[in-house]
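For reference, structure.txt is printed below; it contains compact mmCIF, C-alpha atoms.
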```
# COMPACT_ATOMS: atom_id res chain seq x y z
CA MET T 1 -56.08 19.47 76.76
CA VAL T 2 -54.27 21.45 74.04
CA ALA T 3 -57.04 24.04 73.91
CA ASN T 4 -56.87 24.29 77.68
CA GLU T 5 -53.10 24.83 77.59
CA ILE T 6 -53.36 27.48 74.87
CA ALA T 7 -56.11 29.35 76.72
CA ILE T 8 -54.11 29.49 79.95
CA ALA T 9 -50.61 30.00 78.54
CA SER T 10 -51.72 32.81 76.22
CA ASN T 11 -52.91 34.80 79.24
CA MET T 12 -49.64 34.43 81.15
CA SER T 13 -47.47 36.54 78.81
CA ASN T 14 -47.58 39.58 81.10
CA HIS T 15 -45.78 37.74 83.93
CA SER T 16 -42.00 37.28 83.78
CA ASN T 17 -42.03 33.85 85.41
CA PHE T 18 -44.07 32.00 82.81
CA LEU T 19 -42.67 30.48 79.66
CA LYS T 20 -44.23 32.60 76.92
CA LEU T 21 -46.36 30.94 74.25
CA LEU T 22 -45.13 32.39 70.95
CA GLY T 23 -47.48 30.60 68.59
CA CYS T 24 -49.24 27.39 67.69
CA CYS T 25 -50.19 25.26 64.71
CA LEU T 26 -53.36 23.21 64.97
CA GLU T 27 -53.46 22.06 61.35
CA THR T 28 -51.10 19.11 61.84
CA GLU T 29 -51.81 15.58 63.04
CA PHE T 30 -50.48 16.56 66.45
CA PRO T 31 -50.86 20.21 67.53
CA ILE T 32 -47.60 22.12 67.78
CA LEU T 33 -47.10 24.80 70.44
CA VAL T 34 -44.08 27.09 70.20
CA TYR T 35 -42.71 28.51 73.45
CA GLU T 36 -39.77 30.78 74.18
CA SER T 37 -36.56 28.87 74.82
CA GLY T 38 -35.83 27.40 78.21
CA VAL T 39 -34.17 24.40 79.79
CA ASN T 40 -36.01 21.98 82.05
CA LEU T 41 -34.91 22.34 85.64
CA SER T 42 -33.37 19.10 86.89
CA HIS T 43 -31.96 17.81 90.15
CA GLU T 44 -28.51 17.83 88.57
CA MET T 45 -28.90 21.52 87.74
CA ILE T 46 -30.13 22.28 91.25
CA ASN T 47 -27.07 20.55 92.67
CA SER T 48 -24.81 22.88 90.68
CA LEU T 49 -26.48 26.11 91.80
CA PRO T 50 -25.41 28.19 94.81
CA TRP T 51 -27.84 28.38 97.71
CA GLU T 52 -28.85 32.00 97.02
CA THR T 53 -29.77 31.09 93.43
CA LYS T 54 -31.88 28.17 94.62
CA LEU T 55 -33.75 30.51 96.96
CA ARG T 56 -34.36 33.04 94.20
CA ILE T 57 -35.64 30.36 91.83
CA ALA T 58 -37.95 28.99 94.53
CA ASN T 59 -39.32 32.48 95.15
CA GLU T 60 -39.87 33.07 91.43
CA MET T 61 -41.78 29.80 91.16
CA ALA T 62 -43.92 30.72 94.17
CA ASN T 63 -44.70 34.12 92.63
CA ALA T 64 -45.81 32.43 89.41
CA PHE T 65 -48.11 29.96 91.18
CA ALA T 66 -49.49 32.73 93.39
CA TYR T 67 -50.36 34.59 90.19
CA LEU T 68 -52.24 31.54 88.90
CA HIS T 69 -54.24 31.43 92.10
CA TYR T 70 -54.88 35.13 92.66
CA GLY T 71 -53.67 37.20 89.68
CA THR T 72 -56.41 36.38 87.20
CA SER T 73 -60.19 36.67 87.22
CA ARG T 74 -60.51 32.94 87.96
CA ILE T 75 -58.42 30.67 90.15
CA ILE T 76 -56.19 28.42 88.07
CA ILE T 77 -54.92 25.20 89.65
CA HIS T 78 -51.77 23.99 87.90
CA ARG T 79 -52.28 20.39 89.07
CA ASP T 80 -48.87 19.10 87.95
CA ILE T 81 -46.28 21.08 89.91
CA LYS T 82 -42.95 19.28 89.85
CA ILE T 83 -39.28 20.00 89.14
CA GLY T 84 -39.60 18.87 85.51
CA ASN T 85 -42.31 21.43 84.73
CA ILE T 86 -40.09 24.37 85.66
CA TYR T 87 -37.75 25.90 83.10
CA LEU T 88 -34.75 28.19 83.38
CA ASN T 89 -33.84 30.76 80.74
CA GLN T 90 -30.28 31.77 79.92
CA ASP T 91 -30.20 34.04 82.98
CA ASN T 92 -31.39 31.24 85.31
CA ILE T 93 -34.79 32.92 85.71
CA ALA T 94 -37.51 30.42 86.63
CA LYS T 95 -40.29 29.96 84.09
CA VAL T 96 -43.42 27.92 84.81
CA SER T 97 -45.13 26.03 81.98
CA GLU T 98 -46.96 22.77 81.16
CA PHE T 99 -50.65 23.63 81.61
CA GLN T 100 -52.12 20.50 80.01
CA LEU T 101 -53.65 19.36 83.31
CA SER T 102 -54.49 22.81 84.69
CA VAL T 103 -58.03 23.54 85.82
CA LEU T 104 -59.94 26.82 85.98
CA ILE T 105 -62.17 27.05 89.02
CA PRO T 106 -65.64 28.44 88.17
CA LEU T 107 -66.36 31.97 89.38
CA GLY T 108 -67.64 31.99 92.93
CA LYS T 109 -66.28 28.51 93.65
CA THR T 110 -63.26 27.45 95.73
CA HIS T 111 -62.93 23.92 94.38
CA VAL T 112 -63.97 21.43 91.75
CA ASP T 113 -64.28 17.66 91.78
CA ALA T 114 -61.92 16.32 89.14
CA GLU T 115 -60.42 13.10 87.92
CA VAL T 116 -57.21 12.42 89.82
CA CYS T 117 -54.24 13.03 87.54
CA GLY T 118 -50.79 14.50 87.82
CA THR T 119 -47.54 13.00 89.05
CA TYR T 120 -47.72 10.66 92.04
CA GLY T 121 -45.44 11.65 94.85
CA TYR T 122 -46.43 15.28 94.33
CA LEU T 123 -50.20 14.93 94.67
CA ALA T 124 -51.89 16.11 97.84
CA PRO T 125 -53.35 13.18 99.81
CA GLU T 126 -56.86 14.63 100.07
CA TYR T 127 -56.98 15.08 96.29
CA VAL T 128 -55.94 11.46 95.70
CA VAL T 129 -58.63 10.22 98.12
CA THR T 130 -61.55 12.52 97.24
CA GLY T 131 -60.79 14.08 93.84
CA ARG T 132 -61.51 17.51 95.33
CA LEU T 133 -59.21 20.04 93.71
CA THR T 134 -58.32 23.31 95.47
CA GLU T 135 -55.44 25.76 95.46
CA LYS T 136 -54.04 23.99 98.53
CA ASN T 137 -53.34 20.93 96.34
CA ASP T 138 -50.82 23.06 94.43
CA VAL T 139 -49.34 24.25 97.73
CA PHE T 140 -48.70 20.64 98.77
CA SER T 141 -47.06 19.84 95.43
CA PHE T 142 -44.89 22.94 95.71
CA GLY T 143 -43.84 21.86 99.20
CA ILE T 144 -42.54 18.62 97.69
CA VAL T 145 -40.59 20.63 95.09
CA LEU T 146 -39.08 22.74 97.89
CA MET T 147 -38.11 19.53 99.70
CA GLU T 148 -36.34 18.31 96.58
CA ILE T 149 -34.52 21.64 96.26
CA LEU T 150 -33.41 21.41 99.89
CA THR T 151 -32.21 17.81 99.72
CA ILE T 152 -31.32 17.68 95.99
CA LYS T 153 -33.08 14.32 95.71
CA HIS T 154 -36.17 13.02 93.95
CA ILE T 155 -39.16 12.53 96.21
CA TRP T 156 -39.14 8.77 95.50
CA GLU T 157 -35.54 8.65 96.77
CA LEU T 158 -36.52 10.42 99.96
CA ARG T 159 -39.52 8.71 101.38
CA ASP T 160 -40.71 5.21 102.13
CA PRO T 161 -44.40 4.71 102.98
CA PHE T 162 -43.73 4.94 106.72
CA GLU T 163 -41.39 7.93 106.81
CA GLU T 164 -42.72 11.33 107.85
CA TYR T 165 -41.81 14.49 105.94
CA ASP T 166 -40.58 15.98 109.18
CA ASP T 167 -38.06 13.15 109.50
CA ILE T 168 -36.75 13.81 105.99
CA VAL T 169 -36.25 17.52 106.65
CA GLN T 170 -34.71 17.01 110.08
CA HIS T 171 -32.36 14.32 108.78
CA HIS T 172 -31.11 16.69 106.07
CA LEU T 173 -30.62 19.60 108.47
CA LYS T 174 -28.81 17.39 110.98
CA ASN T 175 -26.32 16.30 108.33
CA SER T 176 -25.95 19.66 106.61
CA VAL T 177 -22.37 20.99 106.52
CA LEU T 178 -22.95 24.61 105.54
CA THR T 179 -22.12 27.93 107.13
CA GLU T 180 -24.15 28.98 110.14
CA GLU T 181 -25.83 31.73 108.12
CA ILE T 182 -27.00 29.36 105.39
CA ARG T 183 -27.92 26.74 107.97
CA GLY T 184 -30.27 29.25 109.58
CA GLN T 185 -31.89 29.92 106.22
CA GLU T 186 -32.18 26.19 105.59
CA ILE T 187 -34.01 25.80 108.90
CA GLU T 188 -36.54 28.48 107.88
CA PHE T 189 -36.81 26.84 104.46
CA GLY T 190 -37.44 23.47 106.10
CA GLU T 191 -40.11 24.93 108.38
CA LEU T 192 -41.88 26.36 105.33
CA ILE T 193 -41.77 22.97 103.61
CA LEU T 194 -43.46 21.30 106.57
CA LYS T 195 -46.23 23.91 106.55
CA CYS T 196 -46.86 23.29 102.85
CA VAL T 197 -47.17 19.49 103.22
CA ARG T 198 -49.47 19.41 106.24
CA ASP T 199 -52.15 16.74 105.99
CA ASP T 200 -54.92 19.28 106.65
CA PRO T 201 -55.19 21.49 103.55
CA ASP T 202 -56.76 24.29 105.58
CA ALA T 203 -53.61 24.40 107.73
CA ARG T 204 -51.35 24.94 104.72
CA PRO T 205 -50.34 28.49 103.80
CA THR T 206 -51.61 30.11 100.62
CA MET T 207 -49.19 30.39 97.74
CA GLN T 208 -49.03 34.13 98.38
CA GLU T 209 -47.89 33.41 101.94
CA VAL T 210 -45.32 30.91 100.64
CA ALA T 211 -43.92 33.53 98.26
CA GLN T 212 -43.75 36.09 101.06
CA ALA T 213 -41.98 33.62 103.36
CA LEU T 214 -39.36 32.88 100.70
CA LYS T 215 -38.90 36.61 100.08
CA SER T 216 -38.31 37.05 103.82
CA ILE T 217 -35.68 34.31 103.88
CA ILE T 218 -33.93 35.96 100.94
CA SER T 219 -34.00 39.39 102.60
CA ASN T 220 -32.26 37.90 105.65
CA MET T 221 -29.28 37.05 103.48
CA PHE T 222 -28.19 40.68 103.30
```
Would you mind writing the structure in this file as structure tokens?
Amino acid sequence: MVANEIAIASNMSNHSNFLKLLGCCLETEFPILVYESGVNLSHEMINSLPWETKLRIANEMANAFAYLHYGTSRIIIHRDIKIGNIYLNQDNIAKVSEFQLSVLIPLGKTHVDAEVCGTYGYLAPEYVVTGRLTEKNDVFSFGIVLMEILTIKHIWELRDPFEEYDDIVQHHLKNSVLTEEIRGQEIEFGELILKCVRDDPDARPTMQEVAQALKSIISNMF
């Protein structure tokens, strides 16, 4: 897994939204990887940020994951997208990291069959059932992250086994006490979330489309 992380992280240095790998030492009992400084994003931090900053961070994350899927010669599936694997630098710029579980899709292929691993609550249902790993699995996980940004709650605080994602989003929007302008943006944000977490992976947007949708919401702020 360490070799996998080094191989992927070392090729992400040309993108501003990845935590840069500065060096590594493999001659110790446990390999040591040295990254640029950053602070793990947390729900407490999200709660303290203004809405426009949350939107920008979400868009930066989407751009990073879109780059993994389409910006390199082979599709890279992160496979462990969650709040805790996002970092912020001193300027609150989002930085993606943690590639231990990431998978490179072979050239000419759109998926691989892989052992199910990652963080439950974020995993796409079809991946849990079949082990088939595609870029749309990352889209589902990112939709859960967006839901947590919207509600400022952990996914396990939000959902019981019988509650639909649509109910979670609608409940939040119904009880939101923000300005009409921000409420309108929240509605668009919520609609994007529900597209990302659709049961049918083919019906989910690509990460490029997610990034574009977030950029559109941001542009409507001005």
Open item on the list: I'd like the neighbourhood of stretch 163-168 of chain T as a list in words, where a residue qualifies if any of its atoms comes within 10 Å (using all atoms listed in the file), though same-chain residues fewer than 3 positions away should be ignored.
Closed with: Ile144, Met147, Thr151, Leu158, Arg159, Asp160, His171, His172, Leu173, Gly190, Glu191, Ile193, Leu194, Val197 and Arg198 of chain T
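Of the residues under consideration (T:Phe140, T:Trp51, T:Tyr35, T:Phe30), T:Trp51 shows the shortest atom-to-atom contact distance to T:Thr179 when counting all atoms listed in the file.
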Which residues come within 8 Å of T:Asn63, counting all atoms listed in the file, excluding same-chain residues fewer than 6 positions away, as a PDB file with C-alpha atoms, keeping the file's coordinate frame?
```
ATOM      1  CA  ASN T  17     -42.030  33.850  85.410  1.00  0.00           C
ATOM      2  CA  MET T 207     -49.190  30.390  97.740  1.00  0.00           C
ATOM      3  CA  GLN T 208     -49.030  34.130  98.380  1.00  0.00           C
ATOM      4  CA  ALA T 211     -43.920  33.530  98.260  1.00  0.00           C
TER       5      ALA T 211
END
```
TODO: Do a neighbour search on T:Cys24 at 6 Å with only C-alpha atoms, toss out local chain neighbours closer than 6 positions, and write the hits as a list in words.
DONE: Ile32, Leu33 and Val34 of chain T
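Note that the spacing between atom CA of T:Ala203 and atom CA of T:Leu68 amounts to 20.2 Å.
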- [ ] Write out as a PyMOL selection string each polymer residue whose atoms come within 8 Å of T:Leu214, counting only C-alpha atoms; drop sequence neighbours fewer than 4 positions from it.
- [x] chain T and resi 55+58-59+189+210+218
List as a PDB file with C-alpha atoms, in the coordinates of the input the protein and nucleic acid residues near stretch 88-103 of chain T, meaning an atom at most 6 Å away when all atoms listed in the file are counted, but skip any in the same chain fewer than 5 places from it.
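Once everything was written out, this is part.pdb:
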```pdb
ATOM      1  CA  MET T   1     -56.080  19.470  76.760  1.00  0.00           C
ATOM      2  CA  GLU T   5     -53.100  24.830  77.590  1.00  0.00           C
ATOM      3  CA  ASN T  17     -42.030  33.850  85.410  1.00  0.00           C
ATOM      4  CA  PHE T  18     -44.070  32.000  82.810  1.00  0.00           C
ATOM      5  CA  LEU T  19     -42.670  30.480  79.660  1.00  0.00           C
ATOM      6  CA  GLY T  38     -35.830  27.400  78.210  1.00  0.00           C
ATOM      7  CA  VAL T  39     -34.170  24.400  79.790  1.00  0.00           C
ATOM      8  CA  ILE T  57     -35.640  30.360  91.830  1.00  0.00           C
ATOM      9  CA  GLU T  60     -39.870  33.070  91.430  1.00  0.00           C
ATOM     10  CA  ILE T  76     -56.190  28.420  88.070  1.00  0.00           C
ATOM     11  CA  ILE T  77     -54.920  25.200  89.650  1.00  0.00           C
ATOM     12  CA  HIS T  78     -51.770  23.990  87.900  1.00  0.00           C
ATOM     13  CA  ARG T  79     -52.280  20.390  89.070  1.00  0.00           C
TER      14      ARG T  79
END
```
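Of note, atom CA of T:Asp199 and atom CA of T:Lys215 are spaced 24.6 Å apart.
Coordinates place atom CA of T:Glu157 at a distance of 24.0 Å from atom CA of T:Ile182.
Checking T:Val139, T:Ile83, T:Val2, T:Ala114 one by one against T:Ala66, counting all atoms listed in the file, you find the shortest gap at T:Val139.
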